[in-house]
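Structure file final-v5.txt (compact mmCIF, C-alpha atoms) follows.
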# COMPACT_ATOMS: atom_id res chain seq x y z
CA MET A 1 -99.32 18.40 -32.14
CA ILE A 2 -97.48 21.43 -33.46
CA ASN A 3 -99.64 23.66 -31.29
CA GLY A 4 -98.68 21.58 -28.23
CA ILE A 5 -94.99 21.98 -29.03
CA LEU A 6 -95.35 25.74 -29.42
CA ALA A 7 -97.25 25.95 -26.13
CA ALA A 8 -94.45 24.01 -24.39
CA GLU A 9 -91.79 26.32 -25.85
CA GLU A 10 -93.66 29.40 -24.68
CA LYS A 11 -93.97 27.93 -21.19
CA LEU A 12 -90.22 27.09 -21.13
CA ALA A 13 -89.33 30.62 -22.26
CA SER A 14 -91.56 32.06 -19.58
CA CYS A 15 -89.86 29.94 -16.90
CA VAL A 16 -86.42 30.97 -18.13
CA ALA A 17 -87.36 34.65 -18.08
CA LYS A 18 -88.74 34.33 -14.59
CA ALA A 19 -85.56 32.54 -13.41
CA VAL A 20 -83.38 35.26 -14.91
CA ARG A 21 -85.36 37.96 -13.15
CA THR A 22 -85.25 36.05 -9.87
CA TYR A 23 -81.56 34.87 -9.91
CA PRO A 24 -79.68 37.29 -12.19
CA ARG A 25 -76.19 36.89 -10.57
CA GLN A 26 -76.30 33.13 -10.34
CA ILE A 27 -77.38 32.79 -13.95
CA THR A 28 -74.63 35.13 -15.12
CA ALA A 29 -71.96 33.08 -13.31
CA ALA A 30 -73.31 29.85 -14.73
CA ILE A 31 -73.26 31.24 -18.26
CA ALA A 32 -69.68 32.46 -17.79
CA THR A 33 -68.64 29.05 -16.58
CA VAL A 34 -70.24 27.40 -19.59
CA LEU A 35 -68.55 29.83 -21.95
CA LEU A 36 -65.14 29.27 -20.34
CA CYS A 37 -65.53 25.52 -20.58
CA ALA A 38 -66.65 25.83 -24.12
CA GLY A 39 -63.65 28.05 -24.84
CA GLY A 40 -61.30 25.53 -23.24
CA GLY A 41 -62.84 22.80 -25.27
CA ALA A 42 -62.48 24.86 -28.36
CA PHE A 43 -58.86 25.55 -27.50
CA ALA A 44 -58.25 21.88 -26.92
CA VAL A 45 -59.80 21.04 -30.23
CA ALA A 46 -57.85 23.79 -31.94
CA SER A 47 -54.55 22.52 -30.47
CA LEU A 48 -55.03 19.12 -32.10
CA PRO A 49 -55.67 19.77 -35.78
CA ASP A 50 -56.23 16.93 -38.16
CA ALA A 51 -52.99 16.02 -39.86
CA SER A 52 -54.71 15.56 -43.18
CA ASP A 53 -55.64 19.25 -43.18
CA LEU A 54 -52.06 20.48 -42.83
CA PRO A 55 -50.37 21.90 -45.93
CA VAL A 56 -47.61 19.83 -47.52
CA ARG A 57 -44.51 21.50 -48.98
CA GLN A 58 -41.49 19.83 -50.58
CA VAL A 59 -38.05 21.47 -50.23
CA LEU A 60 -35.03 20.39 -52.28
CA GLU A 61 -31.48 21.57 -51.43
CA ALA A 62 -28.11 20.67 -52.87
CA VAL A 63 -25.75 19.00 -50.33
CA THR A 64 -22.00 18.81 -50.73
CA PRO A 65 -20.73 15.47 -49.29
CA HIS A 66 -17.77 15.48 -46.86
CA PRO A 67 -14.57 13.75 -48.02
CA VAL A 68 -15.17 10.55 -46.02
CA GLU A 69 -12.60 8.57 -47.96
CA ALA A 70 -9.86 11.07 -47.15
CA GLN A 71 -10.79 11.04 -43.47
CA THR A 72 -10.77 7.25 -43.39
CA GLU A 73 -7.32 7.14 -44.99
CA ALA A 74 -6.03 9.71 -42.48
CA LEU A 75 -7.34 7.65 -39.55
CA GLU A 76 -5.76 4.51 -40.93
CA SER A 77 -2.38 6.20 -41.14
CA PHE A 78 -2.65 7.85 -37.70
CA SER A 79 -0.53 6.28 -34.95
CA PHE A 80 -0.69 6.77 -31.18
CA THR A 81 1.27 5.60 -28.16
CA LEU A 82 -0.15 3.79 -25.13
CA PHE A 83 1.36 4.24 -21.65
CA ARG A 84 0.96 1.89 -18.71
CA SER A 85 2.77 1.41 -15.38
CA ASP A 86 2.92 -1.49 -12.94
CA GLU A 87 5.17 -2.96 -10.25
CA THR A 88 7.36 -6.01 -10.62
CA ARG A 89 6.40 -9.16 -8.71
CA PRO A 90 8.52 -11.98 -7.24
CA SER A 91 7.20 -14.55 -9.70
CA ASP A 92 7.49 -12.38 -12.82
CA THR A 93 8.73 -13.77 -16.10
CA ALA A 94 9.45 -11.48 -19.04
CA GLU A 95 6.16 -12.53 -20.67
CA ALA A 96 4.10 -12.07 -17.49
CA LEU A 97 5.49 -8.58 -16.81
CA LEU A 98 4.95 -7.38 -20.38
CA ARG A 99 1.45 -8.89 -20.46
CA ARG A 100 0.43 -6.83 -17.41
CA LEU A 101 1.79 -3.76 -19.17
CA GLY A 102 -0.40 -4.45 -22.21
CA ILE A 103 2.50 -5.61 -24.39
CA ALA A 104 2.12 -8.50 -26.82
CA ASP A 105 5.58 -8.58 -28.36
CA ASP A 106 7.57 -11.82 -28.52
CA ASP A 107 10.74 -10.01 -29.62
CA ALA A 108 10.58 -7.66 -26.63
CA ALA A 109 10.03 -10.56 -24.23
CA ALA A 110 12.98 -12.43 -25.71
CA PHE A 111 15.20 -9.37 -25.32
CA VAL A 112 14.27 -8.80 -21.65
CA ARG A 113 14.79 -12.50 -20.95
CA GLY A 114 18.13 -12.64 -22.72
CA ASN A 115 19.73 -9.33 -21.79
CA ALA A 116 21.66 -9.55 -18.50
CA ALA A 117 21.05 -5.93 -17.42
CA ALA A 118 17.32 -6.00 -18.18
CA ARG A 119 16.87 -9.41 -16.59
CA ALA A 120 18.72 -8.39 -13.40
CA ALA A 121 16.73 -5.15 -13.05
CA LEU A 122 13.24 -6.48 -13.83
CA LEU A 123 12.97 -10.18 -12.96
CA GLY A 124 13.01 -11.44 -9.39
CA ARG A 125 13.04 -7.87 -8.04
CA PRO A 126 9.58 -7.20 -6.59
CA GLY A 127 8.27 -3.69 -5.97
CA ARG A 128 10.07 -1.85 -8.76
CA THR A 129 7.93 0.55 -10.81
CA VAL A 130 8.05 -0.10 -14.56
CA THR A 131 6.52 2.08 -17.29
CA ALA A 132 5.91 0.88 -20.84
CA GLU A 133 5.21 2.77 -24.05
CA ALA A 134 3.50 0.71 -26.75
CA THR A 135 2.02 1.18 -30.21
CA GLN A 136 -1.69 0.64 -30.83
CA ASP A 137 -0.94 -2.91 -31.94
CA SER A 138 0.72 -3.63 -28.52
CA ARG A 139 4.32 -3.62 -29.76
CA LEU A 140 6.89 -2.30 -27.29
CA GLU A 141 8.48 1.07 -28.03
CA ARG A 142 10.12 1.86 -24.69
CA LEU A 143 10.32 0.24 -21.26
CA SER A 144 11.77 2.09 -18.25
CA ALA A 145 12.32 1.17 -14.61
CA ARG A 146 13.55 3.29 -11.70
CA PHE A 147 15.05 1.58 -8.68
CA ILE A 148 17.65 1.78 -5.95
CA PRO A 149 20.13 -1.12 -6.21
CA ASP A 150 20.59 -3.27 -3.14
CA GLY A 151 23.27 -1.87 -0.84
CA GLN A 152 23.58 1.40 -2.78
CA GLY A 153 22.21 4.86 -2.10
CA GLY A 154 21.82 6.20 -5.65
CA LEU A 155 18.95 5.94 -8.10
CA GLN A 156 19.32 3.91 -11.27
CA ARG A 157 17.13 4.08 -14.34
CA LEU A 158 17.10 1.26 -16.87
CA THR A 159 15.60 1.91 -20.31
CA VAL A 160 14.87 -0.67 -23.00
CA GLU A 161 14.09 1.01 -26.33
CA ARG A 162 13.23 -0.20 -29.81
CA ALA A 163 15.80 0.75 -32.45
CA GLY A 164 14.44 -0.46 -35.77
CA PRO A 165 14.04 -4.24 -35.67
CA ALA A 166 16.22 -4.60 -32.56
CA PHE A 167 16.33 -3.24 -28.99
CA THR A 168 18.90 -1.29 -27.03
CA VAL A 169 19.35 -0.98 -23.27
CA ARG A 170 21.00 1.76 -21.23
CA THR A 171 21.44 2.43 -17.50
CA GLU A 172 21.68 5.88 -15.93
CA SER A 173 22.56 6.85 -12.37
CA GLU A 174 21.32 9.75 -10.29
CA THR A 175 22.13 10.95 -6.78
CA LEU A 176 19.31 10.93 -4.24
CA THR A 177 18.52 13.97 -2.12
CA THR A 178 18.36 13.24 1.61
CA SER A 179 15.91 15.06 3.88
CA SER A 180 14.08 14.43 7.13
CA ARG A 181 10.33 14.04 7.59
CA LEU A 182 8.08 14.37 10.61
CA ALA A 183 5.01 12.35 11.51
CA SER A 184 2.85 11.72 14.55
CA GLY A 185 -0.32 9.86 15.42
CA VAL A 186 -2.69 8.58 18.08
CA ILE A 187 -3.67 4.95 18.62
CA ARG A 188 -7.36 4.34 17.88
CA SER A 189 -7.35 0.58 17.36
CA SER A 190 -3.82 -0.74 16.72
CA PHE A 191 -0.32 0.64 16.31
CA PHE A 192 0.00 -0.18 12.60
CA ALA A 193 -3.48 1.20 11.90
CA ALA A 194 -2.35 4.46 13.53
CA THR A 195 0.86 4.62 11.48
CA ASP A 196 -1.14 4.01 8.30
CA ALA A 197 -3.51 6.84 9.26
CA ALA A 198 -0.52 9.13 9.82
CA ASN A 199 0.99 8.15 6.40
CA VAL A 200 4.04 6.64 8.08
CA PRO A 201 5.75 4.17 5.69
CA ASP A 202 5.72 0.53 6.75
CA ALA A 203 9.52 0.42 6.95
CA VAL A 204 9.50 3.30 9.45
CA ALA A 205 6.66 1.79 11.49
CA SER A 206 8.58 -1.49 11.71
CA GLN A 207 11.67 0.36 12.97
CA LEU A 208 9.57 2.05 15.66
CA ALA A 209 8.35 -1.34 16.83
CA ASP A 210 11.95 -2.61 16.98
CA ILE A 211 13.29 0.47 18.79
CA PHE A 212 10.72 0.36 21.59
CA ALA A 213 10.18 -3.41 21.66
CA GLY A 214 11.84 -3.71 25.07
CA ASP A 215 9.65 -0.98 26.58
CA VAL A 216 6.29 -1.35 24.84
CA ASP A 217 4.17 -4.40 24.03
CA PHE A 218 2.84 -3.33 20.64
CA ARG A 219 0.24 -6.10 20.69
CA ALA A 220 -1.34 -4.50 23.77
CA VAL A 221 -1.21 -0.76 23.04
CA LYS A 222 -4.17 1.24 24.31
CA LYS A 223 -6.49 3.73 22.70
CA GLY A 224 -5.05 7.19 23.27
CA ASP A 225 -1.38 6.12 23.22
CA ARG A 226 0.54 8.35 20.85
CA PHE A 227 3.81 8.54 18.93
CA ALA A 228 5.98 11.04 17.06
CA VAL A 229 8.86 10.24 14.71
CA VAL A 230 11.57 11.91 12.64
CA TYR A 231 12.94 9.77 9.79
CA GLU A 232 15.14 9.98 6.69
CA SER A 233 13.67 10.37 3.22
CA PHE A 234 15.53 9.85 -0.07
CA ASP A 235 14.06 11.76 -3.00
CA ALA A 236 14.64 12.14 -6.74
CA GLU A 237 12.73 14.05 -9.40
CA GLY A 238 10.40 15.43 -6.75
CA GLN A 239 9.32 11.99 -5.50
CA THR A 240 10.22 10.00 -2.40
CA LEU A 241 11.78 6.77 -3.60
CA ARG A 242 12.60 5.22 -0.25
CA THR A 243 12.88 5.97 3.43
CA GLY A 244 15.90 5.51 5.64
CA ARG A 245 16.40 5.07 9.35
CA VAL A 246 14.45 6.64 12.16
CA LEU A 247 16.45 9.59 13.53
CA ALA A 248 14.38 10.22 16.66
CA ALA A 249 11.13 8.94 18.10
CA GLU A 250 8.92 9.00 21.13
CA PHE A 251 6.07 6.76 22.22
CA GLU A 252 3.71 7.56 25.07
CA SER A 253 2.06 4.40 26.41
CA ASP A 254 -0.23 4.26 29.42
CA GLY A 255 0.96 7.68 30.54
CA LYS A 256 4.69 6.83 30.34
CA MET A 257 6.91 8.50 27.75
CA HIS A 258 9.63 6.52 25.93
CA GLN A 259 12.15 8.38 23.76
CA ALA A 260 14.94 7.39 21.40
CA VAL A 261 17.67 9.25 19.48
CA TRP A 262 19.94 7.81 16.79
CA PHE A 263 23.62 8.53 17.41
CA GLN A 264 26.82 7.15 15.94
CA ASP A 265 29.95 7.25 18.05
CA PRO A 266 33.03 7.95 15.91
CA GLY A 267 34.48 4.67 14.78
CA GLN A 268 31.53 2.72 16.18
CA LYS A 269 28.24 1.37 14.87
CA GLY A 270 25.29 3.73 15.24
CA ALA A 271 22.60 2.89 17.79
CA TYR A 272 19.55 4.27 19.56
CA TYR A 273 19.85 5.87 22.98
CA ARG A 274 17.56 7.39 25.56
CA PRO A 275 17.98 11.16 26.10
CA ASN A 276 20.13 10.39 29.15
CA GLY A 277 22.58 8.39 27.01
CA GLU A 278 21.47 4.87 27.97
CA SER A 279 21.49 2.37 25.12
CA LEU A 280 18.21 1.13 23.69
CA ARG A 281 19.89 -1.60 21.71
CA ARG A 282 18.55 -5.05 22.45
CA ALA A 283 20.31 -8.33 21.98
CA PHE A 284 17.43 -9.45 19.74
CA LEU A 285 14.89 -7.83 17.46
CA SER A 286 11.24 -8.35 18.32
CA SER A 287 10.40 -9.95 14.97
CA PRO A 288 12.31 -11.72 12.19
CA VAL A 289 9.80 -10.50 9.58
CA GLN A 290 8.89 -6.87 8.98
CA TYR A 291 5.26 -5.74 8.44
CA SER A 292 3.80 -9.04 9.65
CA ARG A 293 1.38 -10.27 12.28
CA ILE A 294 1.47 -13.30 14.59
CA SER A 295 -0.86 -15.99 13.30
CA SER A 296 -0.06 -18.63 15.95
CA GLY A 297 1.58 -18.04 19.33
CA PHE A 298 3.67 -20.03 21.78
CA ALA A 299 0.80 -22.08 23.25
CA MET A 300 -1.16 -25.32 23.05
CA ARG A 301 -3.01 -25.71 19.75
CA MET A 302 -4.55 -28.22 17.36
CA HIS A 303 -1.83 -29.18 14.91
CA PRO A 304 -3.06 -28.28 11.38
CA ILE A 305 -1.55 -31.43 9.80
CA GLN A 306 -1.24 -34.02 12.57
CA HIS A 307 -4.71 -33.08 13.91
CA ASP A 308 -3.82 -33.57 17.55
CA TRP A 309 -3.57 -31.21 20.52
CA ARG A 310 0.08 -30.27 21.16
CA GLN A 311 2.37 -27.48 22.30
CA HIS A 312 3.32 -25.02 19.58
CA LYS A 313 7.02 -24.52 20.28
CA GLY A 314 7.44 -21.25 18.45
CA ILE A 315 5.62 -18.32 16.87
CA ASP A 316 4.17 -18.25 13.36
CA PHE A 317 4.34 -14.98 11.43
CA ALA A 318 1.85 -14.55 8.60
CA ALA A 319 3.63 -13.21 5.50
CA ALA A 320 3.57 -13.66 1.75
CA SER A 321 5.92 -16.11 0.08
CA GLY A 322 9.20 -14.38 -0.77
CA THR A 323 9.05 -11.90 2.13
CA PRO A 324 12.62 -11.38 3.45
CA VAL A 325 13.50 -13.01 6.78
CA ARG A 326 16.15 -11.39 9.01
CA ALA A 327 18.34 -12.63 11.83
CA VAL A 328 17.04 -11.24 15.11
CA GLY A 329 20.51 -11.10 16.64
CA ASP A 330 24.23 -11.40 16.00
CA GLY A 331 25.46 -14.98 15.77
CA VAL A 332 26.86 -17.85 13.71
CA VAL A 333 24.81 -20.10 11.41
CA ASP A 334 24.69 -23.57 12.96
CA PHE A 335 22.51 -25.18 10.27
CA ALA A 336 21.22 -24.10 6.87
CA GLY A 337 19.30 -26.68 4.86
CA ARG A 338 16.30 -28.98 5.01
CA GLN A 339 14.92 -30.80 8.07
CA SER A 340 11.78 -32.98 7.71
CA GLY A 341 8.69 -31.06 8.85
CA TYR A 342 10.60 -27.77 9.16
CA GLY A 343 11.34 -27.74 5.44
CA ASN A 344 14.09 -25.26 4.64
CA ILE A 345 15.41 -24.01 7.99
CA VAL A 346 18.20 -21.80 9.31
CA ILE A 347 19.43 -22.19 12.90
CA ILE A 348 21.65 -19.47 14.39
CA ASN A 349 23.67 -19.76 17.60
CA HIS A 350 23.85 -16.62 19.75
CA ARG A 351 25.59 -15.71 23.01
CA ASN A 352 24.79 -17.40 26.33
CA ASN A 353 23.83 -20.74 24.72
CA GLN A 354 20.85 -19.17 22.98
CA SER A 355 19.72 -20.04 19.45
CA THR A 356 16.97 -19.07 17.01
CA ALA A 357 15.39 -21.11 14.22
CA TYR A 358 13.63 -19.90 11.04
CA ALA A 359 11.58 -22.58 9.27
CA HIS A 360 9.47 -23.24 6.13
CA LEU A 361 11.72 -20.91 4.08
CA SER A 362 11.30 -20.72 0.33
CA ARG A 363 15.04 -20.09 0.01
CA VAL A 364 18.13 -19.99 2.23
CA ASP A 365 20.63 -17.15 1.72
CA VAL A 366 23.32 -18.15 4.28
CA ARG A 367 25.60 -21.14 4.84
CA GLU A 368 26.74 -23.11 7.88
CA GLY A 369 29.54 -21.45 9.83
CA GLN A 370 28.75 -17.98 8.46
CA SER A 371 28.65 -15.03 10.88
CA VAL A 372 25.52 -12.91 10.64
CA ASN A 373 24.58 -9.53 12.09
CA GLN A 374 21.32 -8.46 13.67
CA GLY A 375 18.90 -7.50 10.91
CA GLN A 376 20.79 -9.30 8.15
CA PHE A 377 18.54 -11.12 5.66
CA ILE A 378 19.07 -14.89 5.82
CA GLY A 379 16.26 -16.21 3.57
CA ALA A 380 12.66 -15.73 2.51
CA VAL A 381 9.23 -16.82 3.72
CA GLY A 382 7.86 -19.96 2.10
CA ALA A 383 5.71 -23.04 2.66
CA THR A 384 8.23 -25.89 2.65
CA GLY A 385 7.96 -28.87 4.99
CA TRP A 386 4.78 -29.32 7.02
CA ALA A 387 3.22 -25.99 6.16
CA THR A 388 -0.38 -25.46 5.05
CA GLY A 389 0.46 -22.07 3.54
CA PRO A 390 3.21 -19.42 3.35
CA HIS A 391 4.40 -18.28 6.79
CA LEU A 392 7.52 -18.19 8.97
CA HIS A 393 7.83 -20.53 11.94
CA PHE A 394 10.22 -18.92 14.45
CA GLU A 395 11.73 -20.63 17.52
CA PHE A 396 13.88 -19.46 20.44
CA ARG A 397 15.91 -21.98 22.45
CA VAL A 398 18.08 -21.67 25.56
CA ASN A 399 20.41 -24.64 26.21
CA GLY A 400 18.29 -26.57 23.72
CA GLU A 401 15.01 -25.91 25.55
CA PHE A 402 12.18 -24.07 23.82
CA ARG A 403 11.27 -20.63 25.22
CA ASP A 404 8.60 -18.10 24.28
CA PRO A 405 10.15 -16.05 21.43
CA SER A 406 8.15 -12.97 22.42
CA SER A 407 10.41 -12.61 25.49
CA ILE A 408 13.72 -12.27 23.68
CA ALA A 409 13.37 -8.56 22.80
CA ARG A 410 13.69 -7.64 26.49
CA GLN A 411 17.36 -8.57 26.71
CA ASP A 412 19.78 -5.63 26.81
CA GLY A 413 22.57 -5.63 24.27
CA GLY A 414 24.27 -2.23 24.13
CA ASN A 415 26.53 0.17 26.01
CA PRO A 416 25.76 3.79 26.96
CA VAL A 417 27.20 6.79 25.12
CA SER A 418 30.89 7.13 25.94
CA ALA A 419 32.08 10.03 28.04
CA THR A 420 34.16 11.42 25.17
CA SER A 421 31.10 11.54 22.89
CA ARG A 422 28.63 12.82 25.44
CA GLN A 423 28.83 16.48 24.37
CA ALA A 424 28.25 15.61 20.70
CA PHE A 425 25.38 13.35 21.67
CA ASN A 426 23.75 16.11 23.72
CA ARG A 427 23.78 18.45 20.71
CA VAL A 428 22.09 15.79 18.56
CA ALA A 429 19.55 15.03 21.30
CA VAL A 430 18.58 18.72 21.66
CA ALA A 431 18.12 19.11 17.89
CA MET A 432 16.02 15.96 17.68
CA ARG A 433 13.93 17.08 20.67
CA ALA A 434 12.99 20.21 18.72
CA GLU A 435 12.03 18.08 15.71
CA LEU A 436 9.83 15.82 17.82
CA ASP A 437 8.15 18.86 19.39
CA ALA A 438 7.37 20.10 15.88
CA ALA A 439 5.89 16.71 14.95
CA ALA A 440 3.71 16.75 18.08
CA THR A 441 2.53 20.28 17.19
CA VAL A 442 1.36 18.99 13.79
CA LEU A 443 -0.62 16.28 15.59
CA GLN A 444 -2.26 18.78 17.95
CA ALA A 445 -3.15 21.11 15.06
CA SER A 446 -4.78 18.28 13.12
CA ALA A 447 -6.70 17.20 16.22
CA ASN A 448 -8.12 20.71 16.62
So that I can check it, write out the structure of this file as structure tokens.
Amino acid sequence: MINGILAAEEKLASCVAKAVRTYPRQITAAIATVLLCAGGGAFAVASLPDASDLPVRQVLEAVTPHPVEAQTEALESFSFTLFRSDETRPSDTAEALLRRLGIADDDAAAFVRGNAAARAALLGRPGRTVTAEATQDSRLERLSARFIPDGQGGLQRLTVERAGPAFTVRTESETLTTSSRLASGVIRSSFFAATDAANVPDAVASQLADIFAGDVDFRAVKKGDRFAVVYESFDAEGQTLRTGRVLAAEFESDGKMHQAVWFQDPGQKGAYYRPNGESLRRAFLSSPVQYSRISSGFAMRMHPIQHDWRQHKGIDFAAASGTPVRAVGDGVVDFAGRQSGYGNIVIINHRNNQSTAYAHLSRVDVREGQSVNQGQFIGAVGATGWATGPHLHFEFRVNGEFRDPSSIARQDGGNPVSATSRQAFNRVAVAMRAELDAAATVLQASAN
């Protein structure tokens, strides 16, 4: 058997030798491949040594501990101040305002509620910016509010500050700096969307709508219509705190240009005029509520409460509760009180047997027999009477008959510039024309 094995080995060796002589290059490549694979395998094996074969060494070092106790004591004694700002709201109480500012301080709330100056400046005065400084445990340190008092042009700052266990309050006054600002825009979807895009304040946009209400239907403006405006700005501490009246404006609608310039005749009320001196003043404003939209027009509709089909005898303006309502024209208050479905209502008699009614008010700020001027605030939007939500129901009557209120803004109500003031008016008009040209240039540059 051994001899057979030896004979087989000799035969195998002979075959291998013959193959090497016959295919030397192929055999060499095959051997190289085997060696490389074997090397890779060896490398793979070498890269994964057995953990039990690794040497073990123990190292001991002395460590000095940090003074954790001292750090903890320092953190416990460290104090910091929290700052937060917010705006006052119509329904604010002292507690509600402080809570939004992150203050949990019963003594501070009691002081704001009980102090006449703090209460008058902060409660029932929506839109005023208030800043609070508080400790880390939410106790009030300082509360400040900047605002422009009603009917005054200066800035006032009210500060409530902790002084030991009690609080002090002080009021400071500052003069506002007046300047003029330019803006212009192009209608893409709606007029108010365009004024928003041009960063025109809502108060200025509302004035534009009033100025051109007799010439332009702002509910039917077209894409491509454009406007330019120059308006007053009142600044303090580098910030614009409020805007004033429009000084000049132009509105191009459907290819027709409408222009307006503010001018005040000596000894007379100021008004808006066309460049040729004609008055733009209308007997009535286009809307009794600023920054609002019409939610229901003068048309047949399904009554939301009676659930029957009937004529809607006025216009409904969608607005939040508490929004100021203004008289659309000069007149005398005929009624101020409550009337069944109207809720709180004010009725004003105007010239030529015309009257306007303002219903569902949350409050009434005028009395019967009182004379009111165009634009004067007479109450606030509410939901009294037969109202399903806050809005203003507005009516226009002629000899007691209901008319479409959207037509009242077309009535003229002013006189042209007097001959004695014409030269002064022309100087103002030329200066404002240059300002409007500059505003239009800004628009063209932005468009390019």
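What separates CA of Asp92 (chain A) from CA of Gln290 (chain A) is a distance of 22.5 Å.
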Report as JSON the centre and the edge lengths, in Å to one decimal, of the axis-aligned box holding every listed atom of region 384-395 of chain A, padded by 3 Å on each side.
{"center_x": 5.7, "center_y": -23.8, "center_z": 10.1, "size_x": 18.1, "size_y": 17.1, "size_z": 20.9}
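Atom pair CA of Phe377 (chain A) / CA of Asp365 (chain A) has a distance of 7.5 Å (rounded to one decimal).
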Would you list the contacts of Asp437 (chain A) as a PDB file with C-alpha atoms, in the coordinates of the input, taking every protein, DNA or RNA residue within 12 Å and counting all atoms listed in the file, but skipping same-chain residues closer than 3 positions in sequence?
ATOM      1  CA  LEU A 182       8.080  14.370  10.610  1.00  0.00           C
ATOM      2  CA  ALA A 183       5.010  12.350  11.510  1.00  0.00           C
ATOM      3  CA  SER A 184       2.850  11.720  14.550  1.00  0.00           C
ATOM      4  CA  PHE A 227       3.810   8.540  18.930  1.00  0.00           C
ATOM      5  CA  ALA A 228       5.980  11.040  17.060  1.00  0.00           C
ATOM      6  CA  VAL A 229       8.860  10.240  14.710  1.00  0.00           C
ATOM      7  CA  VAL A 230      11.570  11.910  12.640  1.00  0.00           C
ATOM      8  CA  ALA A 248      14.380  10.220  16.660  1.00  0.00           C
ATOM      9  CA  ALA A 249      11.130   8.940  18.100  1.00  0.00           C
ATOM     10  CA  GLU A 250       8.920   9.000  21.130  1.00  0.00           C
ATOM     11  CA  VAL A 430      18.580  18.720  21.660  1.00  0.00           C
ATOM     12  CA  ALA A 431      18.120  19.110  17.890  1.00  0.00           C
ATOM     13  CA  MET A 432      16.020  15.960  17.680  1.00  0.00           C
ATOM     14  CA  ARG A 433      13.930  17.080  20.670  1.00  0.00           C
ATOM     15  CA  ALA A 434      12.990  20.210  18.720  1.00  0.00           C
ATOM     16  CA  ALA A 440       3.710  16.750  18.080  1.00  0.00           C
ATOM     17  CA  THR A 441       2.530  20.280  17.190  1.00  0.00           C
ATOM     18  CA  VAL A 442       1.360  18.990  13.790  1.00  0.00           C
ATOM     19  CA  LEU A 443      -0.620  16.280  15.590  1.00  0.00           C
ATOM     20  CA  GLN A 444      -2.260  18.780  17.950  1.00  0.00           C
TER      21      GLN A 444
END
Take the point (13.1, 12.8, 3.4) as written in the file and pick out every residue within 7 Å of it, counting only C-alpha atoms; give the list as an MDAnalysis selection string.
chainID A and resid 178:181 232:235 243
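In this structure, CA of Phe167 (chain A) sits 13.9 Å away from CA of Ala132 (chain A).
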Given only C-alpha atoms as the basis, pick out the residue of A:Asn399, A:Phe192, A:Thr129, A:Leu122 nearest to Val160 (chain A).
A:Leu122
Counting only C-alpha atoms, closest pick from A:Ala387, A:Ala194, A:Ile315, A:Ala357 relative to Lys222 (chain A) is A:Ala194
Please determine, counting all atoms listed in the file, which residue among A:Gly270, A:Gly329, A:Pro67, A:Pro416 has the shortest atom-to-atom distance to Ser286 (chain A).
A:Gly329
Here's a test: counting only C-alpha atoms, identify every protein, DNA and RNA residue with an atom at most 7 Å from (10.4, -19.7, 1.7) in the file's coordinate frame, and state them as a PyMOL selection string.
chain A and resi 321-322+360-363+380-384
When you look at Ala94 (chain A) with a cut-off of 12 Å (counting all atoms listed in the file), what residues show up, excluding the ones that are within fewer than 5 positions of it in the same chain? I need them as number ranges by chain.
A: 88-89, 99-101, 103-115, 118-124, 143
Would you put the residues from that selection into a file with C-alpha atoms, as a PDB file, in the frame of the given file?
ATOM      1  CA  THR A  88       7.360  -6.010 -10.620  1.00  0.00           C
ATOM      2  CA  ARG A  89       6.400  -9.160  -8.710  1.00  0.00           C
ATOM      3  CA  ARG A  99       1.450  -8.890 -20.460  1.00  0.00           C
ATOM      4  CA  ARG A 100       0.430  -6.830 -17.410  1.00  0.00           C
ATOM      5  CA  LEU A 101       1.790  -3.760 -19.170  1.00  0.00           C
ATOM      6  CA  ILE A 103       2.500  -5.610 -24.390  1.00  0.00           C
ATOM      7  CA  ALA A 104       2.120  -8.500 -26.820  1.00  0.00           C
ATOM      8  CA  ASP A 105       5.580  -8.580 -28.360  1.00  0.00           C
ATOM      9  CA  ASP A 106       7.570 -11.820 -28.520  1.00  0.00           C
ATOM     10  CA  ASP A 107      10.740 -10.010 -29.620  1.00  0.00           C
ATOM     11  CA  ALA A 108      10.580  -7.660 -26.630  1.00  0.00           C
ATOM     12  CA  ALA A 109      10.030 -10.560 -24.230  1.00  0.00           C
ATOM     13  CA  ALA A 110      12.980 -12.430 -25.710  1.00  0.00           C
ATOM     14  CA  PHE A 111      15.200  -9.370 -25.320  1.00  0.00           C
ATOM     15  CA  VAL A 112      14.270  -8.800 -21.650  1.00  0.00           C
ATOM     16  CA  ARG A 113      14.790 -12.500 -20.950  1.00  0.00           C
ATOM     17  CA  GLY A 114      18.130 -12.640 -22.720  1.00  0.00           C
ATOM     18  CA  ASN A 115      19.730  -9.330 -21.790  1.00  0.00           C
ATOM     19  CA  ALA A 118      17.320  -6.000 -18.180  1.00  0.00           C
ATOM     20  CA  ARG A 119      16.870  -9.410 -16.590  1.00  0.00           C
ATOM     21  CA  ALA A 120      18.720  -8.390 -13.400  1.00  0.00           C
ATOM     22  CA  ALA A 121      16.730  -5.150 -13.050  1.00  0.00           C
ATOM     23  CA  LEU A 122      13.240  -6.480 -13.830  1.00  0.00           C
ATOM     24  CA  LEU A 123      12.970 -10.180 -12.960  1.00  0.00           C
ATOM     25  CA  GLY A 124      13.010 -11.440  -9.390  1.00  0.00           C
ATOM     26  CA  LEU A 143      10.320   0.240 -21.260  1.00  0.00           C
TER      27      LEU A 143
END
Quick one: everything within 10 Å of Ser189 (chain A), counting only C-alpha atoms, minus sequence neighbours fewer than 2 positions away in the same chain. Send it as an NGL selection string.
:A and (186-187 or 191-194 or 221-224)
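Considering the residues A:Ala96, A:Val204, A:Val289, A:Leu82 and counting all atoms listed in the file, Gly375 (chain A) has its shortest atom-to-atom contact with A:Val289.
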